[in-house]
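Data block below; observations after.
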Amino acid sequence: MEPYTRQALEHIRYLSETIGGRGSTTQKVRDAGEYAAAALSSAGVRQIDFEPFMGSPSTYLPYTMAFFAAVIGSAVALFVGNPAYLALGAVLNLLGTWAMLAESDFKPHWGHLALKKVRTQNVVGVVPPSGPATRRTVLFAHLDTHRTPIFFSSTRWQNIFTLLVTACFLSMALGFVLFGVAALFGWDWMRWCAVILLPVQIFALYLVGTADQTPFNPGANDDASGVGLMLALATRLKAEPLAHTTVTLLFTDCEETNAYGMRAFLDKHAAEYGPEAIYATLDEMALGVIKWNTIDGLIVKHTTHPKALALARSVARALPDIKTAEGPGPTYTDALPASMRGLISLTLCTVPEDEAHFGGYLHQMGDNFEHIDLATLEAAGRFTWELLRQVDA
């Protein structure tokens, strides 16, 4: 085992076992941030900052609000059915549609009125090059871990939930159109459309409404693996500094609750770093084949910057012994807010090749240290180092 892989492994062990589940904005995630800062300092990084921001402890509350509005709207349309209540049903379904679409695309909406924000922080370390600094690269990984709702527990459940997300969004949009038309023309009989819409909306409301009652997972792969690799890279960057590239090592909170930490970092630094800076997230780096995302987004899909894709493909060509893949991401990572701003931003992750490691144990209690694959972790470290070397060249 390479020494830097061994270092990464020890960081993963500490984060996932000694600290454990690191819910967004909680004391555990602050402990993880303190640990990351101490490890950076031990590696010789001198420029270390804690950057506070206001983040959310829940990714599910905004969707709960959206689905609740739709359920109430469809229910009053069905059980009352006169034009006034059909119009109310249309408005409430529109509010649900708006909230779901806006939340999935990092936009403000009415549901945020009920969303409690909590002061938390990112950890930022900067490693300067040995020569004149002419380029910037930001590597980032998230410290927080996710809840473990039932819809992440198996392939069948994940497929059901994926279909349900689409069905519920369409049901709310249809509810707005159908109940609006019924109210406009006085077609009371159209209220019976709610018999089809309501079950979908109620089921979605139940699933997301109970998700915040589940425990936080240990997060060994997602994303102690990315954090551990970055901390090991800090040691290597001090021993083998790049010639012209300043490397920012960013450890975010609230990735799991809609990327609040990354968005706060970009608000503060994106203009300073400029449009040619390279951003790359290391997210789930220890189980399977190395992959980069070509598109991201839950509802609205955003394409990865062509320069980021070209860089990933160039690194893969330089390391032909490492198996790689590319394809769409299922939801989002911390790289998406940067991509949406037109920045050169890349998601690097790993995906299992067999069902024995279903989904990389994503958002499951099985995402623990014993499932970390050393060969994958070492390959991910080599891939990331080659990416930095190519940027510097």
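In the structure tokens, the first chain shown is A, the next is B, and so on; residue numbers restart at 1 for each chain, and ligands run from 1 in the order shown.
Around Ala308 of chain A, within 8 Å and counting only C-alpha atoms, the residues found are Ile278, Thr304, His305, Leu311, Ala312, Ile344, Ser345 and Leu346 of chain A, once anything fewer than 3 positions away on its own chain is removed.
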So which bits of segment 45-146 of chain A end up strand (DSSP E) when you DSSP the backbone, as a list in words?
Gln47, Ile48, Asp49, Phe50, Glu51, Pro52, Phe53, Met54, Gly55, Val118, Arg119, Thr120, Gln121, Asn122, Val123, Val124, Gly125, Val126, Val127, Arg135, Arg136, Thr137, Val138, Leu139, Phe140, Ala141 and His142 of chain A
Excluding segment 221-230 of chain A and any residue of its chain fewer than 3 positions from it, enumerate the residues within 9 Å of it, using only C-alpha atoms, and give them as number ranges by chain.
A: 4-5, 7-16, 36, 139-146, 218, 233-235, 249-251, 281-287, 349, 360-363, 367-369, 371-372, 377, 380-381, 384
Residues from the last selection, N, CA and C atoms, saved as a CSV table (one decimal), in the first residue's frame:
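Wrote it out as again_27.csv, contents follow:
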```
chain,number,residue,atom,x,y,z
A,4,TYR,N,0.6,7.3,1.0
A,4,TYR,CA,-0.5,8.3,1.0
A,4,TYR,C,-1.8,7.6,1.1
A,5,THR,N,-1.9,6.4,0.5
A,5,THR,CA,-3.2,5.6,0.6
A,5,THR,C,-3.4,5.2,2.1
A,7,GLN,N,-2.3,6.8,4.7
A,7,GLN,CA,-2.7,8.0,5.4
A,7,GLN,C,-4.2,8.3,5.2
A,8,ALA,N,-4.7,8.2,3.9
A,8,ALA,CA,-6.1,8.4,3.6
A,8,ALA,C,-7.0,7.4,4.4
A,9,LEU,N,-6.5,6.2,4.4
A,9,LEU,CA,-7.3,5.1,5.1
A,9,LEU,C,-7.5,5.4,6.6
A,10,GLU,N,-6.4,5.9,7.2
A,10,GLU,CA,-6.5,6.3,8.7
A,10,GLU,C,-7.5,7.4,8.9
A,11,HIS,N,-7.4,8.4,8.0
A,11,HIS,CA,-8.4,9.5,8.1
A,11,HIS,C,-9.8,9.0,8.0
A,12,ILE,N,-10.0,8.1,7.0
A,12,ILE,CA,-11.4,7.6,6.8
A,12,ILE,C,-11.8,6.8,8.0
A,13,ARG,N,-10.9,6.0,8.6
A,13,ARG,CA,-11.3,5.3,9.8
A,13,ARG,C,-11.7,6.2,11.0
A,14,TYR,N,-10.9,7.3,11.1
A,14,TYR,CA,-11.2,8.2,12.2
A,14,TYR,C,-12.6,8.9,12.0
A,15,LEU,N,-12.8,9.4,10.8
A,15,LEU,CA,-14.0,10.1,10.5
A,15,LEU,C,-15.3,9.2,10.7
A,16,SER,N,-15.2,8.0,10.1
A,16,SER,CA,-16.4,7.1,10.1
A,16,SER,C,-16.6,6.3,11.4
A,36,ALA,N,-10.1,17.9,10.3
A,36,ALA,CA,-9.5,18.2,9.0
A,36,ALA,C,-8.5,19.3,9.1
A,139,LEU,N,-9.9,21.6,-4.9
A,139,LEU,CA,-10.4,20.2,-4.7
A,139,LEU,C,-11.3,20.3,-3.5
A,140,PHE,N,-12.4,19.6,-3.5
A,140,PHE,CA,-13.3,19.7,-2.4
A,140,PHE,C,-14.0,18.4,-2.1
A,141,ALA,N,-14.4,18.2,-0.9
A,141,ALA,CA,-15.1,17.0,-0.4
A,141,ALA,C,-15.9,17.4,0.8
A,142,HIS,N,-17.0,16.7,1.0
A,142,HIS,CA,-17.9,17.1,2.1
A,142,HIS,C,-17.7,16.3,3.3
A,143,LEU,N,-17.8,17.0,4.5
A,143,LEU,CA,-17.7,16.5,5.8
A,143,LEU,C,-18.9,15.8,6.3
A,144,ASP,N,-20.1,16.2,5.8
A,144,ASP,CA,-21.4,15.8,6.4
A,144,ASP,C,-21.8,14.5,5.8
A,145,THR,N,-22.7,13.8,6.5
A,145,THR,CA,-23.3,12.5,6.0
A,145,THR,C,-24.8,12.6,6.0
A,146,HIS,N,-25.4,11.6,5.4
A,146,HIS,CA,-26.9,11.7,5.1
A,146,HIS,C,-27.7,10.9,6.0
A,218,PRO,N,-22.6,6.3,8.8
A,218,PRO,CA,-21.2,6.6,9.2
A,218,PRO,C,-20.4,7.3,8.1
A,233,LEU,N,-3.4,14.1,0.2
A,233,LEU,CA,-2.9,14.9,-0.9
A,233,LEU,C,-2.2,16.2,-0.3
A,234,ALA,N,-2.7,16.7,0.8
A,234,ALA,CA,-2.1,17.8,1.4
A,234,ALA,C,-0.6,17.5,1.8
A,235,THR,N,-0.4,16.3,2.4
A,235,THR,CA,0.9,15.9,2.7
A,235,THR,C,1.8,15.8,1.5
A,249,LEU,N,-7.8,23.4,-0.8
A,249,LEU,CA,-8.4,22.2,-0.3
A,249,LEU,C,-9.6,22.6,0.5
A,250,LEU,N,-10.8,22.3,0.0
A,250,LEU,CA,-12.1,22.8,0.6
A,250,LEU,C,-12.9,21.6,1.2
A,251,PHE,N,-13.2,21.7,2.5
A,251,PHE,CA,-14.0,20.7,3.2
A,251,PHE,C,-15.3,21.4,3.5
A,281,THR,N,-14.7,17.9,-7.3
A,281,THR,CA,-15.1,17.3,-6.0
A,281,THR,C,-14.7,15.8,-6.0
A,282,LEU,N,-14.3,15.4,-4.9
A,282,LEU,CA,-14.0,13.9,-4.7
A,282,LEU,C,-15.1,13.4,-3.8
A,283,ASP,N,-16.0,12.7,-4.3
A,283,ASP,CA,-17.2,12.3,-3.6
A,283,ASP,C,-17.5,10.8,-3.8
A,284,GLU,N,-17.3,10.0,-2.8
A,284,GLU,CA,-17.4,8.5,-2.8
A,284,GLU,C,-16.3,8.0,-3.7
A,285,MET,N,-15.1,7.9,-3.1
A,285,MET,CA,-13.9,7.5,-3.8
A,285,MET,C,-13.3,6.2,-3.5
A,286,ALA,N,-14.1,5.3,-2.9
A,286,ALA,CA,-13.4,4.1,-2.4
A,286,ALA,C,-14.2,2.8,-2.6
A,287,LEU,N,-15.0,2.7,-3.7
A,287,LEU,CA,-15.7,1.5,-3.9
A,287,LEU,C,-16.2,1.4,-5.4
A,349,CYS,N,-16.1,10.4,-8.8
A,349,CYS,CA,-16.7,9.5,-7.8
A,349,CYS,C,-16.3,8.1,-8.2
A,360,GLY,N,-22.9,1.4,-3.7
A,360,GLY,CA,-21.8,2.0,-2.8
A,360,GLY,C,-22.3,2.2,-1.4
A,361,TYR,N,-23.4,1.6,-1.0
A,361,TYR,CA,-24.0,1.8,0.3
A,361,TYR,C,-24.5,3.2,0.5
A,362,LEU,N,-24.8,3.8,-0.6
A,362,LEU,CA,-25.2,5.2,-0.5
A,362,LEU,C,-26.4,5.5,0.4
A,363,HIS,N,-26.1,6.3,1.4
A,363,HIS,CA,-27.1,6.7,2.4
A,363,HIS,C,-27.7,5.5,3.2
A,367,ASP,N,-22.6,2.0,4.9
A,367,ASP,CA,-21.5,2.8,4.4
A,367,ASP,C,-20.5,3.0,5.5
A,368,ASN,N,-19.8,1.9,5.8
A,368,ASN,CA,-18.9,1.9,7.0
A,368,ASN,C,-17.4,1.5,6.5
A,369,PHE,N,-16.5,1.6,7.5
A,369,PHE,CA,-15.1,1.4,7.2
A,369,PHE,C,-14.8,0.1,6.6
A,371,HIS,N,-16.2,-1.6,4.4
A,371,HIS,CA,-16.5,-1.7,3.0
A,371,HIS,C,-15.6,-0.8,2.1
A,372,ILE,N,-14.6,-0.2,2.7
A,372,ILE,CA,-13.7,0.6,1.9
A,372,ILE,C,-12.8,-0.4,1.1
A,377,LEU,N,-9.3,3.0,-3.6
A,377,LEU,CA,-8.8,4.2,-2.9
A,377,LEU,C,-7.5,4.6,-3.5
A,380,ALA,N,-7.9,6.0,-7.0
A,380,ALA,CA,-8.5,7.3,-6.9
A,380,ALA,C,-7.4,8.4,-6.5
A,381,GLY,N,-6.6,8.0,-5.6
A,381,GLY,CA,-5.5,8.9,-5.3
A,381,GLY,C,-4.5,9.1,-6.5
A,384,THR,N,-6.4,11.5,-9.0
A,384,THR,CA,-6.4,12.9,-8.6
A,384,THR,C,-5.1,13.5,-8.7
```
Give me the residues near Thr120 of chain A as a CSV table (one decimal) with N, CA and C atoms, in the first residue's frame, where near means some atom within 6 Å (using only C-alpha atoms) and where sequence neighbours in that chain fewer than 2 positions away do not count.
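Writing the result to around-v3.csv gives the following:
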```csv
chain,number,residue,atom,x,y,z
A,25,THR,N,-24.7,20.5,9.9
A,25,THR,CA,-24.8,21.6,10.9
A,25,THR,C,-24.7,21.0,12.4
A,52,PRO,N,-17.5,30.6,8.1
A,52,PRO,CA,-18.8,30.4,8.5
A,52,PRO,C,-19.9,30.7,7.4
A,53,PHE,N,-21.0,30.0,7.5
A,53,PHE,CA,-22.1,30.3,6.7
A,53,PHE,C,-23.4,29.8,7.4
```
What's around segment 177-185 of chain A at 10 Å? Count only C-alpha atoms, leave out sequence neighbours fewer than 6 positions away in its own chain, and write the answer as a ChimeraX atom specification.
/A:73-74,77-78,81-91,93-94,171,191-194
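Considering the residues A:Ala43, A:Ala102, A:Thr376, A:Phe265 and counting only C-alpha atoms, Phe169 of chain A has its shortest atom-to-atom contact with A:Ala102.
Close contacts of Leu205 of chain A, defined as residues with an atom at most 7 Å away when counting only C-alpha atoms, with chain neighbours fewer than 6 positions off set aside, comprise Thr64, Phe67 and Phe68 of chain A.
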File dump, residues just selected, C-alpha atoms, as a CSV table (one decimal), in the first residue's frame:
```csv
chain,number,residue,atom,x,y,z
A,64,THR,CA,-42.2,17.9,2.7
A,67,PHE,CA,-45.8,17.8,-1.1
A,68,PHE,CA,-48.0,18.9,1.8
```
What's around Glu240 of chain A at 12 Å? Count only C-alpha atoms, leave out sequence neighbours fewer than 6 positions away in its own chain, and write the answer as a ChimeraX atom specification.
/A:127-130,233-234,385,388-389
Next, dump the selected residues to file, keeping only N, CA and C atoms, as a CSV table (one decimal), in the first residue's frame.
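part10.csv was written with the following content:
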```csv
chain,number,residue,atom,x,y,z
A,127,VAL,N,-2.6,25.6,-0.5
A,127,VAL,CA,-1.2,25.1,-0.6
A,127,VAL,C,-0.6,25.9,-1.9
A,128,PRO,N,0.4,26.7,-1.6
A,128,PRO,CA,0.9,27.5,-2.8
A,128,PRO,C,1.9,26.6,-3.6
A,129,PRO,N,2.2,27.0,-4.8
A,129,PRO,CA,3.2,26.3,-5.6
A,129,PRO,C,4.6,26.7,-5.2
A,130,SER,N,5.5,26.0,-5.8
A,130,SER,CA,6.9,26.3,-5.5
A,130,SER,C,7.4,27.5,-6.3
A,233,LEU,N,-3.4,14.1,0.2
A,233,LEU,CA,-2.9,14.9,-0.9
A,233,LEU,C,-2.2,16.2,-0.3
A,234,ALA,N,-2.7,16.7,0.8
A,234,ALA,CA,-2.1,17.8,1.4
A,234,ALA,C,-0.6,17.5,1.8
A,385,TRP,N,-4.0,12.8,-8.3
A,385,TRP,CA,-2.7,13.4,-8.4
A,385,TRP,C,-2.3,13.7,-9.9
A,388,LEU,N,-4.0,16.9,-11.0
A,388,LEU,CA,-3.3,18.1,-10.5
A,388,LEU,C,-2.1,18.3,-11.3
A,389,ARG,N,-1.4,17.2,-11.7
A,389,ARG,CA,-0.1,17.3,-12.4
A,389,ARG,C,-0.4,17.9,-13.8
```
